[in-house]
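Presented below is the structure to which this report refers.
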Amino acid sequence: MKPGARFDPVTLQILWGRLISTADEAAAALLRTSFSTIVRESNDFATVLMDAKGNSLAENSIGIPSFVGLLPRTLRHMLADIPLEELRPGDCLITNDPWMGTGHLLDITMAAPIFHRGRLVGFSGATSHMPDMGGAPWSADCQEIYEEGLRIHPTKFLIEGQENREVVRFIRGNVRVADQVMGDIYAQVTAQTVCARRLCEFLDDTGLADLTELSATLQDRADRAMRKAIAALPDGTWRATTFADGYEDQETRIECAVTVEGDALSVDYAGTSPQIMRGLNSVMNYTYAYTVYPLKCALDPLTPRNEGSYRAVRVTAPEGSILNPVHPAPCNARHLTGLFLSGAVYQCIAGIVPDKVIADSSSPSPRPVYTGRDRHGDRFNQVLFGSGGMGASAGADGLNTTAFPTNSGSGSIEAFEASAPIIVWKKDLLPDSGGAGTHRGGLGQEIELEVMTEEPVRLSLISDRMRHPAEGLAGGAAGAPALVRLQDGRHPHPKSRSILQPGERLHMHLGGGGGHGPPSGRDPAALRRDIEAGYVTPEGARRDYGPEA
């Protein structure tokens with residue numbers, strides 16, 4: 001193909017698919033070479049291919065939504081500190097600044113320039129959740145970001161392919177599980193290498209000198225697809241209010257207004273609660289990601305994502321609010337706020353696209369983080385990811401134990417138990433937890449874990465949905481709330497740290513998704529199948545669907 005040639009639709013789709021495959025192959029390399037179960041089992045990572053201007057061209061297919069559209073923003077911050085003219089082949093940049101990156105210190109973002117025949121043609125980028133970043137174990141109870149761990153301003157992790165030893169030393173010297181952390185960082189380096197190699201092969205195979213024309217074409221196509229979807233909506237403004245448990249008696253409130261005007265859409269969070277001195281604050285990047293992602297899912301789910309996908313959407317939140325906090329606000333548990341945004345957005349647009357949205361899902365679900373030493377004296381810092389139920393839609397029941405809007409997974413229990421002296425005794429679907437409706441919300445789950453150490457361990461809980469379960473939609477009922485308790489009936493603080501003794505067991509209920517439509521409209525045959533499968537008990541059926549059920 002000659003440089004500057006026009007791209008017909010078939011050729012464009014083939015080229016776009018290959019670029020996505022490049023990002024996916026980089027993701028596979030990161031996944032296979034990472035050390036921690038957070039990446040290997042729970043998929044808490046993303047890889048992105050960007051053009052020479054830092055615009056995203058292709059994102060890996062299974063990346064975490066909280067990273068959507070953010071790597072280009074992070075790269076621009078990096079290049080403000082380390083100008084383009086200072087970059088050389090083999091360089092790799094690193095940061096975990098929450099306001100530059102994905103919202104908390106535990107996510108490390110790396111980016112590397114890609115040179116082809118001596119010319120800068122693009123950037124590879126990757127983000128993944130580290131098993132530890134020093135400071136307090138992953139929790140929601142810190143009062144300033146300084147307590148939450150090591151903050152890395154943009155710097156070079158690799159200099160022309162050589163390890164920056166000072167950076168490695170200060171990272172290793174400040175984290176609990178240094179080998180796991182460094183292993184995950186080098187997994188990102190591997191992903192960058194794979195991405196660069198495949199992009200250079202792509203340019204050689206196609207005869208393109210660079211990505212300039214192709215990038216502009218792909219972004220324009222994604223932009224036009226999203227604008228077409230928005231233009232099909234009526235003009236107007238729709239509003240919704242959502243509440244979260246907050247911290248202790250400090251309930252948090254999210255005010256959402258979605259405005260459609262022609263082929264552009266804006267989401268404004270004016271009136272939302274102010275930032276608080278606990279780690280529930282969602283920085284603007286995270287707020288943006290969890291606003292545009294559910295909109296993309298609802299309005300234009302089939303067009304592959306790139307920079308153009310989000311040009312038509314504007315997101316604003318008052319500075320100093322819990323959705324746009326200012327430094328030094330703590331934000332390690334920002335998902336306890338950000339994961340409520342999809343429900344607020346979908347409440348707003350449910351009246352105009354009722355068949356394209358789902359009821360509220362039971363995210364965020366409780367996450368326990370265990371920190372201590374095993375019988376050999378080795379330190380561990382292990383989190384169990386789990387999912388409650390997904391909300392129902394106008395056409396189907398919600399999925400059981402499936403997260404939305406995030407897509408992090410529970411992973412292998414065997415891998416979890418092999419990584420820490422914790423036994424999972426129970427992990428079952430929770431009957432009657434899905435919100436009743438014409439279409440039932442997805443079921444949550446019940447989990448029981450036991451500490452198998454010889455000395456006490458620290459438990460950090462990151463929980464919500466105990467007082468504000470997933471809401472139903474269009475007359476559907478809310479799902480069951482979350483629950484966390486110890487075997488003796490005590491309830492540990494849902495957003496703080498406590499000590500567990502050897503042999504103590506933790507019981508958790510991860511709530512159900514919201515139902516869609518009035519329960520009276522449910523197909524009796526579907527309800528009978530639910531009872532036969534154990535999804536709904538006979539008592540629950542009579543309570544939620546009427547005495548004749």
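A note on labels: chains of the structure tokens are A, B, ... as shown, every chain counts residues from 1, and ligands are counted from 1 in their shown order.
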Using 7 Å as the limit and counting only C-alpha atoms, can you tabulate each residue of stretch 433-481 of chain A that touches stretch 366-383 of chain A, with its shortest atom-to-atom distance in Å and the two atoms involved, as a tab-separated table?
residue	atom	partner	partner_atom	distance
A:Thr453	CA	A:Asp374	CA	5.7
A:Glu454	CA	A:Arg375	CA	6.3
A:Val457	CA	A:Gly372	CA	4.8
A:Arg458	CA	A:Thr371	CA	5.1
A:Leu459	CA	A:Tyr370	CA	4.9
A:Ser460	CA	A:Val369	CA	5.0
A:Leu461	CA	A:Pro368	CA	4.8
A:Ile462	CA	A:Arg367	CA	5.2
A:Ser463	CA	A:Pro366	CA	4.1
A:Asp464	CA	A:Pro366	CA	6.5
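The environment of A:Leu93 within 6 Å, counting only C-alpha atoms and disregarding residues fewer than 5 places along the same chain, consists of Met110, Ala111, Thr155, Lys156 and Phe157 of chain A.
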Go ahead and save the residues from that selection, with C-alpha atoms, as an mmCIF file, in the first residue's frame.
data_model
loop_
_atom_site.group_PDB
_atom_site.id
_atom_site.type_symbol
_atom_site.label_atom_id
_atom_site.label_comp_id
_atom_site.auth_asym_id
_atom_site.auth_seq_id
_atom_site.Cartn_x
_atom_site.Cartn_y
_atom_site.Cartn_z
ATOM 1 C CA MET A 110 3.865 3.046 31.574
ATOM 2 C CA ALA A 111 4.369 4.328 28.035
ATOM 3 C CA THR A 155 10.178 9.590 35.012
ATOM 4 C CA LYS A 156 12.106 7.156 32.838
ATOM 5 C CA PHE A 157 11.983 3.567 34.089
#
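Computed from the coordinates, the atom CA of A:Ile20 to atom CA of A:Gly118 distance equals 24.0 Å.
Atom pair atom CA of A:Thr74 / atom CA of A:Leu12: separated by 27.7 Å.
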Strand (DSSP E or B) residues, from DSSP on the backbone, in stretch 278-504 of chain A, as number ranges by chain | A: 313-316, 321, 324, 358, 367-373, 379-383, 393, 422-429, 439, 445-451, 457-462, 473, 483-486, 497-500
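Around A:His439, within 8 Å and counting only C-alpha atoms, the residues found are Ala392, Ser393, Ala394, Gly395, Ala396, Asp397, Gly398, Gly476, Gly515, His516, Gly517, Pro519 and Arg522 of chain A, once anything fewer than 4 positions away on its own chain is removed.
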Generate the output file for the selected residues, C-alpha atoms, as an mmCIF file, in the first residue's frame.
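Dumped to part26.cif:
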data_model
loop_
_atom_site.group_PDB
_atom_site.id
_atom_site.type_symbol
_atom_site.label_atom_id
_atom_site.label_comp_id
_atom_site.auth_asym_id
_atom_site.auth_seq_id
_atom_site.Cartn_x
_atom_site.Cartn_y
_atom_site.Cartn_z
ATOM 1 C CA ALA A 392 -31.566 -6.766 34.353
ATOM 2 C CA SER A 393 -32.517 -5.232 31.010
ATOM 3 C CA ALA A 394 -35.822 -4.752 29.210
ATOM 4 C CA GLY A 395 -35.228 -8.038 27.419
ATOM 5 C CA ALA A 396 -33.312 -10.328 29.747
ATOM 6 C CA ASP A 397 -32.474 -11.246 33.330
ATOM 7 C CA GLY A 398 -29.251 -9.856 34.741
ATOM 8 C CA GLY A 476 -38.156 -3.396 39.111
ATOM 9 C CA GLY A 515 -34.705 -5.945 38.525
ATOM 10 C CA HIS A 516 -36.265 -4.433 35.403
ATOM 11 C CA GLY A 517 -40.017 -3.916 35.008
ATOM 12 C CA PRO A 519 -42.548 -8.110 39.203
ATOM 13 C CA ARG A 522 -42.668 -11.860 35.069
#
Looking only at helix (DSSP H, G or I) from DSSP on the backbone, list the matching residues of stretch 287-473 of chain A as an NGL selection string.
-> :A and (287-299 or 307-310 or 335-338 or 341-349 or 413-419)
